[in-house]
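Q: Here you go, one structure.
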Amino acid sequence: MERPIAIIFHRFGPYHCARLRAVAAQVPAVAIEVVRKDTIYQWDVVDDSQGFRRVTLFRELMADQPRVGDLRRRLYRCLASEQPRAVAIPGWESPYALLALSWCLRTSTPAVLMSESTFIDRRRTLLRERIKRKLLCLYKGALVAGRRQTEYLQYLGFPELAVSTSYDVIDNAHFGRMQPGDEVEPGVRQSFLVSCRFVRVKNLQRLLEGYARYRLEAGSASWDLVLAGDGPERDKIVEAMRVLNLGDSVRLAGFVQYDGLPALYARAGALVLPSVSEPWGLVVNEAMAAGLPVLVSKRCGCAPDLVQEGRNGFTFDPYETEQLARLMLRVSSMSEDERSAMGQTSREIISRWTPETFATNLMKAAEVATAAPRPKATVSDKALLWALIHRPRALP
């Protein structure tokens with residue numbers, strides 16, 4: 001019997017399940033989730049394995065991460081039982097990712113890095129980049145999100161031929177499905193949609209300032225703004241709405257579960273993602289699959305790959321509220337035919353970013369890793385891994 005590929009994620013959300021189903025349709029695979037339910041994401045728990053073989057290490061956690069000793073025992077026991085021919089590991093920061101890499105080194109199992117990090121998604125320091133270079137020597141294949149992520153791995157010394165793309169994909173068909181009642185009723189005003197966690201890096205206060213400028217320019221023809229999501233910045237957002245006198249034109253839609261997202265997009269005229277730090281931005285995939293024009297911050301990792309200026313949307317400097325206001329005015333002033341054409345271009349672009357592409361390219365990365373000589377961990381490598389596992393925030 002062919003040994004499976006093991007794929008690890010912190011928690012299975014709808015996006016992970018779509019990718020894992022696609023992998024399982026191609027090769028034997030085991031999907032390992034650290035926890036089924038946590039306090040970070042508000043997704044409903046996905047109980048159905050949906051066509052892939054699943055192993056859950058912890059049913060529920062009150063903290064972000066389990067204790068290292070418990071995590072090591074359960075993860076090592078699972079991997080030892082499965083005996084995978086390769087292990088796909090997300091990122092290089094969390095204890096479970098580092099423990100999985102450590103197990104791969106101990107057992108001479110090929111490790112594949114899955115990453116969406118870019119050079120600009122956060123502040124970089126010389127020491128941390130040197131540490132990453134050492135860690136990357138322990139991987140022989142990688143699956144990354146897109147162009148910026150590939151460039152970042154190359155900057156860190158990872159060979160280009162060992163990198164595949166299309167890590168950040170969604171089930172496009174889900175967002176293209178129109179359900180009864182999803183259509184916009186005649187006379188209902190169009191809206192700009194923002195869908196994200198309410199955290200500082202999403203830049204929502206500057207978004208509101210830009211939207212206020214847009215309303216002054218557009219007057220009575222201005223679109224409404226819908227903010228879908230929740231998080232620790234909610235009170236600040238409500239206060240900013242009050243100060244800018246936006247109460248009648250901004251709607252807080254709350255967190256919307258996966259099954260409700262197609263209707264949310266169907267009622268929008270365009271998506272806005274104003275983040276000052278965003279490794280990728282899966283909401284852009286969602287909006288494009290739903291056939292929307294997109295306004296995307298230049299600091300979002302997906303911008304070079306998914307946004308074609310003037311064809312399916314525009315990019316902007318997230319610190320320039322006047323620029324955002326002008327682009328909002330430009331989109332809302334278009335004819336319905338012009339916006340529909342942009343939305344159709346969005347669909348065409350995103351049709352090349354699918355779970356099946358994820359599966360195919362993950363297999364390519366695994367084949368590269370399997371064919372490469374196994375890395376031999378030195379004493380310093382082992383010491384580095386031990387230090388990072390016990391200091392999980394040391395390496396962003």
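Ligands are numbered from 1 in the order shown, residues from 1 within each chain, and chains are lettered A, B, ... in the order they appear in the structure tokens.
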If you run DSSP on the backbone, which residues of stretch 109-358 of chain A are strand (DSSP E), as a PyMOL selection string?
A: chain A and resi 111-115+141-144+163-164+191-195+224-228+250-254+270-273+294-297+313-316
Q: Using only C-alpha atoms, find each residue in stretch 138-159 of chain A having at least one atom no more than 12 Å away from stretch 306-321 of chain A; report its shortest atom-to-atom pair and that distance in Å (one decimal), rows by chain then rising number, as a tab-separated table.
A:
```
residue	atom	partner	partner_atom	distance
A:Ala145	CA	A:Leu306	CA	11.2
A:Gly146	CA	A:Leu306	CA	9.4
A:Arg147	CA	A:Leu306	CA	10.2
A:Arg148	CA	A:Leu306	CA	11.8
```
Q: Dump N, CA and C atoms for the selected residues as a compact mmCIF listing (two decimals), in the first residue's frame?
A:
```
# COMPACT_ATOMS: atom_id res chain seq x y z
N ALA A 145 2.03 30.84 -1.70
CA ALA A 145 0.81 31.42 -2.23
C ALA A 145 0.98 31.94 -3.66
N GLY A 146 1.99 32.78 -3.90
CA GLY A 146 2.11 33.39 -5.21
C GLY A 146 3.47 34.01 -5.45
N ARG A 147 3.46 35.11 -6.23
CA ARG A 147 4.69 35.72 -6.70
C ARG A 147 5.54 36.29 -5.56
N ARG A 148 4.92 37.10 -4.69
CA ARG A 148 5.69 37.71 -3.61
C ARG A 148 6.24 36.67 -2.65
```
Q: Report as a PyMOL selection string all protein, DNA and RNA residues lying within 9 Å of A:Glu209, evaluated on only C-alpha atoms, omitting residues in the same chain fewer than 3 positions from it.
A: chain A and resi 204-206+212-214+240+244+321-322+325
Q: Just C-alpha atoms for this one: save the residues we selected as a PDB file, in the first residue's frame.
A:
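Written output follows (out33.pdb):
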```pdb
ATOM      1  CA  LEU A 204     -10.365  49.873   9.218  1.00  0.00           C
ATOM      2  CA  GLN A 205     -10.137  53.322  10.773  1.00  0.00           C
ATOM      3  CA  ARG A 206      -8.315  54.695   7.725  1.00  0.00           C
ATOM      4  CA  ALA A 212     -16.079  59.619   4.518  1.00  0.00           C
ATOM      5  CA  ARG A 213     -14.082  61.524   1.851  1.00  0.00           C
ATOM      6  CA  TYR A 214     -15.745  59.423  -0.840  1.00  0.00           C
ATOM      7  CA  ALA A 240     -14.809  56.313  14.413  1.00  0.00           C
ATOM      8  CA  LEU A 244     -17.118  60.795  11.083  1.00  0.00           C
ATOM      9  CA  THR A 321      -7.159  57.829   2.223  1.00  0.00           C
ATOM     10  CA  GLU A 322      -7.630  60.277  -0.661  1.00  0.00           C
ATOM     11  CA  ALA A 325     -11.730  57.683  -1.901  1.00  0.00           C
TER      12      ALA A 325
END
```
Q: Would you return as an NGL selection string the members of stretch 198-296 of chain A that DSSP assigns to helix (DSSP H, G or I) on this structure's backbone?
A: :A and (200-202 or 204-221 or 234-243 or 258-266 or 282-289)
Q: Write the residues of the preceding selection, restricted to C-alpha atoms, as a PDB file, in the first residue's frame.
A:
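The resulting selection_1.pdb:
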```pdb
ATOM      1  CA  ARG A 200      -5.433  46.754  13.774  1.00  0.00           C
ATOM      2  CA  VAL A 201      -3.595  45.546  10.672  1.00  0.00           C
ATOM      3  CA  LYS A 202      -6.843  45.523   8.698  1.00  0.00           C
ATOM      4  CA  LEU A 204     -10.365  49.873   9.218  1.00  0.00           C
ATOM      5  CA  GLN A 205     -10.137  53.322  10.773  1.00  0.00           C
ATOM      6  CA  ARG A 206      -8.315  54.695   7.725  1.00  0.00           C
ATOM      7  CA  LEU A 207     -10.850  52.901   5.574  1.00  0.00           C
ATOM      8  CA  LEU A 208     -13.618  54.828   7.316  1.00  0.00           C
ATOM      9  CA  GLU A 209     -11.747  58.100   6.770  1.00  0.00           C
ATOM     10  CA  GLY A 210     -11.401  57.296   3.078  1.00  0.00           C
ATOM     11  CA  TYR A 211     -15.046  56.343   2.869  1.00  0.00           C
ATOM     12  CA  ALA A 212     -16.079  59.619   4.518  1.00  0.00           C
ATOM     13  CA  ARG A 213     -14.082  61.524   1.851  1.00  0.00           C
ATOM     14  CA  TYR A 214     -15.745  59.423  -0.840  1.00  0.00           C
ATOM     15  CA  ARG A 215     -19.221  60.292   0.473  1.00  0.00           C
ATOM     16  CA  LEU A 216     -18.454  63.995   0.289  1.00  0.00           C
ATOM     17  CA  GLU A 217     -17.483  63.593  -3.369  1.00  0.00           C
ATOM     18  CA  ALA A 218     -20.272  61.230  -4.393  1.00  0.00           C
ATOM     19  CA  GLY A 219     -23.078  62.974  -2.539  1.00  0.00           C
ATOM     20  CA  SER A 220     -26.492  61.374  -2.768  1.00  0.00           C
ATOM     21  CA  ALA A 221     -25.183  58.783  -5.254  1.00  0.00           C
ATOM     22  CA  ARG A 234     -14.925  46.824  17.140  1.00  0.00           C
ATOM     23  CA  ASP A 235     -15.403  49.560  19.767  1.00  0.00           C
ATOM     24  CA  LYS A 236     -12.833  51.792  18.052  1.00  0.00           C
ATOM     25  CA  ILE A 237     -14.600  51.285  14.748  1.00  0.00           C
ATOM     26  CA  VAL A 238     -17.961  52.247  16.241  1.00  0.00           C
ATOM     27  CA  GLU A 239     -16.396  55.368  17.743  1.00  0.00           C
ATOM     28  CA  ALA A 240     -14.809  56.313  14.413  1.00  0.00           C
ATOM     29  CA  MET A 241     -18.171  55.915  12.720  1.00  0.00           C
ATOM     30  CA  ARG A 242     -19.686  58.299  15.247  1.00  0.00           C
ATOM     31  CA  VAL A 243     -16.927  60.904  14.898  1.00  0.00           C
ATOM     32  CA  TYR A 258     -19.271  30.219   5.385  1.00  0.00           C
ATOM     33  CA  ASP A 259     -22.703  29.248   4.070  1.00  0.00           C
ATOM     34  CA  GLY A 260     -23.874  32.853   4.344  1.00  0.00           C
ATOM     35  CA  LEU A 261     -20.964  34.373   2.415  1.00  0.00           C
ATOM     36  CA  PRO A 262     -22.320  33.905  -1.154  1.00  0.00           C
ATOM     37  CA  ALA A 263     -25.376  36.001  -0.289  1.00  0.00           C
ATOM     38  CA  LEU A 264     -23.147  38.641   1.309  1.00  0.00           C
ATOM     39  CA  TYR A 265     -21.122  38.980  -1.899  1.00  0.00           C
ATOM     40  CA  ALA A 266     -24.208  38.830  -4.123  1.00  0.00           C
ATOM     41  CA  LEU A 282      -8.447  35.049   0.824  1.00  0.00           C
ATOM     42  CA  VAL A 283     -11.446  37.403   0.840  1.00  0.00           C
ATOM     43  CA  VAL A 284     -10.148  38.669  -2.510  1.00  0.00           C
ATOM     44  CA  ASN A 285     -10.408  35.117  -3.892  1.00  0.00           C
ATOM     45  CA  GLU A 286     -13.951  34.941  -2.532  1.00  0.00           C
ATOM     46  CA  ALA A 287     -15.053  38.238  -4.052  1.00  0.00           C
ATOM     47  CA  MET A 288     -13.526  37.401  -7.425  1.00  0.00           C
ATOM     48  CA  ALA A 289     -15.213  33.984  -7.471  1.00  0.00           C
TER      49      ALA A 289
END
```
Q: Kindly assemble as a Markdown table a list of the stretch 236-353 of chain A residues that lie within 12 Å of stretch 149-166 of chain A, each paired with its nearest atom pair and their distance in Å to one decimal, using only C-alpha atoms, sorted first by chain and then by ascending residue number.
A:
```
| residue | atom | partner | partner_atom | distance |
| --- | --- | --- | --- | --- |
| A:Glu278 | CA | A:Gln149 | CA | 11.8 |
| A:Pro279 | CA | A:Gln149 | CA | 8.3 |
| A:Trp280 | CA | A:Gln149 | CA | 9.0 |
| A:Leu282 | CA | A:Ser166 | CA | 11.7 |
| A:Asn285 | CA | A:Ser166 | CA | 11.6 |
| A:Cys300 | CA | A:Gln149 | CA | 11.2 |
| A:Gly301 | CA | A:Gln149 | CA | 7.6 |
| A:Cys302 | CA | A:Gln149 | CA | 9.4 |
| A:Ala303 | CA | A:Gln149 | CA | 11.6 |
| A:Pro304 | CA | A:Gln149 | CA | 10.7 |
| A:Asp305 | CA | A:Ser166 | CA | 10.2 |
| A:Leu306 | CA | A:Ser166 | CA | 11.5 |
| A:Ile350 | CA | A:Ser166 | CA | 10.8 |
| A:Ser351 | CA | A:Ser166 | CA | 11.7 |
| A:Arg352 | CA | A:Ser166 | CA | 9.0 |
| A:Trp353 | CA | A:Ser166 | CA | 6.3 |
```
Q: Output the selection as an mmCIF file, in the first residue's frame - N, CA and C atoms for each residue.
A:
```
data_model
loop_
_atom_site.group_PDB
_atom_site.id
_atom_site.type_symbol
_atom_site.label_atom_id
_atom_site.label_comp_id
_atom_site.auth_asym_id
_atom_site.auth_seq_id
_atom_site.Cartn_x
_atom_site.Cartn_y
_atom_site.Cartn_z
ATOM 1 N N GLU A 278 -0.879 41.955 5.201
ATOM 2 C CA GLU A 278 -1.757 40.856 4.792
ATOM 3 C C GLU A 278 -0.937 39.901 3.936
ATOM 4 N N PRO A 279 -0.521 38.743 4.480
ATOM 5 C CA PRO A 279 0.292 37.830 3.677
ATOM 6 C C PRO A 279 -0.349 37.475 2.333
ATOM 7 N N TRP A 280 -1.666 37.268 2.316
ATOM 8 C CA TRP A 280 -2.358 36.981 1.059
ATOM 9 C C TRP A 280 -3.656 37.781 0.970
ATOM 10 N N LEU A 282 -7.518 35.983 1.459
ATOM 11 C CA LEU A 282 -8.447 35.049 0.824
ATOM 12 C C LEU A 282 -9.797 35.672 0.486
ATOM 13 N N ASN A 285 -9.991 36.310 -3.130
ATOM 14 C CA ASN A 285 -10.408 35.117 -3.892
ATOM 15 C C ASN A 285 -11.922 34.974 -3.867
ATOM 16 N N CYS A 300 -1.150 43.868 0.378
ATOM 17 C CA CYS A 300 -1.718 42.520 0.434
ATOM 18 C C CYS A 300 -0.931 41.607 -0.504
ATOM 19 N N GLY A 301 -0.579 40.439 -0.005
ATOM 20 C CA GLY A 301 0.252 39.528 -0.777
ATOM 21 C C GLY A 301 -0.345 39.097 -2.089
ATOM 22 N N CYS A 302 -1.671 39.085 -2.192
ATOM 23 C CA CYS A 302 -2.329 38.601 -3.402
ATOM 24 C C CYS A 302 -2.347 39.633 -4.520
ATOM 25 N N ALA A 303 -2.050 40.898 -4.210
ATOM 26 C CA ALA A 303 -2.254 41.977 -5.180
ATOM 27 C C ALA A 303 -1.572 41.732 -6.523
ATOM 28 N N PRO A 304 -0.280 41.356 -6.579
ATOM 29 C CA PRO A 304 0.363 41.171 -7.885
ATOM 30 C C PRO A 304 -0.218 40.011 -8.700
ATOM 31 N N ASP A 305 -0.757 39.018 -8.023
ATOM 32 C CA ASP A 305 -1.249 37.823 -8.709
ATOM 33 C C ASP A 305 -2.708 37.940 -9.136
ATOM 34 N N LEU A 306 -3.523 38.602 -8.337
ATOM 35 C CA LEU A 306 -4.965 38.567 -8.575
ATOM 36 C C LEU A 306 -5.565 39.850 -9.122
ATOM 37 N N ILE A 350 -9.537 34.148 -11.296
ATOM 38 C CA ILE A 350 -9.535 33.274 -10.127
ATOM 39 C C ILE A 350 -9.807 31.823 -10.524
ATOM 40 N N SER A 351 -10.296 31.590 -11.738
ATOM 41 C CA SER A 351 -10.542 30.208 -12.183
ATOM 42 C C SER A 351 -9.254 29.408 -12.285
ATOM 43 N N ARG A 352 -8.110 30.106 -12.284
ATOM 44 C CA ARG A 352 -6.815 29.414 -12.343
ATOM 45 C C ARG A 352 -6.260 29.129 -10.948
ATOM 46 N N TRP A 353 -6.993 29.538 -9.912
ATOM 47 C CA TRP A 353 -6.555 29.348 -8.525
ATOM 48 C C TRP A 353 -7.611 28.488 -7.823
#
```
Q: Between A:Ile5, A:Gly291, A:Arg54, A:Ala341, which residue has the minimum interatomic distance to A:Cys17, considering only C-alpha atoms?
A: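 For A:Cys17, the nearest of the given residues is A:Arg54.
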Q: When distances are computed from only C-alpha atoms, which of A:Glu338, A:Glu93, A:Glu2, A:Glu356 shows the smallest separation from A:Met114?
A: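 Selected residue with least distance to A:Met114: A:Glu93.
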Q: Could you name the residues that touch A:Arg11 at 9 Å or less, counting only C-alpha atoms, but leaving out those on the same chain fewer than 6 positions away, as a JSON list (two decimals) with N, CA and C atoms, in the first residue's frame?
A:
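File produced: part_15.json:
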```
[["chain", "number", "residue", "atom", "x", "y", "z"],
["A", 32, "ILE", "N", -4.08, 16.20, 9.22],
["A", 32, "ILE", "CA", -3.92, 16.30, 10.68],
["A", 32, "ILE", "C", -4.26, 17.72, 11.12],
["A", 33, "GLU", "N", -5.25, 17.85, 11.98],
["A", 33, "GLU", "CA", -5.55, 19.16, 12.57],
["A", 33, "GLU", "C", -5.16, 19.13, 14.04],
["A", 34, "VAL", "N", -4.55, 20.21, 14.49],
["A", 34, "VAL", "CA", -4.13, 20.27, 15.88],
["A", 34, "VAL", "C", -5.34, 20.32, 16.80],
["A", 35, "VAL", "N", -6.33, 21.15, 16.45],
["A", 35, "VAL", "CA", -7.49, 21.30, 17.32],
["A", 35, "VAL", "C", -8.74, 21.48, 16.47],
["A", 36, "ARG", "N", -9.85, 20.94, 16.95],
["A", 36, "ARG", "CA", -11.11, 21.06, 16.21],
["A", 36, "ARG", "C", -11.81, 22.39, 16.47],
["A", 37, "LYS", "N", -11.60, 22.95, 17.65],
["A", 37, "LYS", "CA", -12.26, 24.21, 18.00],
["A", 37, "LYS", "C", -11.32, 25.02, 18.88],
["A", 38, "ASP", "N", -11.22, 26.35, 18.59],
["A", 38, "ASP", "CA", -10.36, 27.20, 19.39],
["A", 38, "ASP", "C", -11.01, 28.57, 19.57],
["A", 56, "THR", "N", -7.57, 14.30, 14.43],
["A", 56, "THR", "CA", -7.62, 15.49, 15.29],
["A", 56, "THR", "C", -6.84, 15.22, 16.56]]
```
Q: Can you measure atom CA of A:Arg197 to atom CA of A:Ser275 for me? One decimal in Å is fine.
A: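 Taking atom CA of A:Arg197 and atom CA of A:Ser275, their separation equals 10.7 Å.
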Q: Given only C-alpha atoms as the basis, pick out the residue of A:Ala253, A:Ala268, A:Leu246, A:Leu143 nearest to A:Ser117.
A: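 Among the listed residues, A:Leu143 lies closest to A:Ser117.
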Q: Which of these residues is nearest to A:Arg53, using only C-alpha atoms: A:Ala24, A:Phe192, A:Gly91, A:Leu227?
A: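 Closest to A:Arg53 of all the choices is A:Ala24.
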Q: What is the distance between atom CA of A:Met342 and atom CA of A:Val296, in Å to one decimal?
A: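 About the pair atom CA of A:Met342 and atom CA of A:Val296: they are 14.1 Å apart.
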Q: At what distance in Å, to one decimal, does atom CA of A:Arg124 lie from atom CA of A:Val368?
A: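 Going from atom CA of A:Val368 over to atom CA of A:Arg124 covers 28.6 Å.
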Q: I'd like to know which of A:Glu129, A:Asp70, A:Asp168, A:Asp224 is closest to A:Leu362, using only C-alpha atoms.
A: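 Smallest distance to A:Leu362 is found for A:Asp168.
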Q: So, counting only C-alpha atoms, which residue among A:Arg85, A:Lys134, A:Arg347, A:Arg122 is closest to A:Thr107?
A: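 Among A:Arg85, A:Lys134, A:Arg347, A:Arg122, it is A:Arg85 that comes nearest to A:Thr107.
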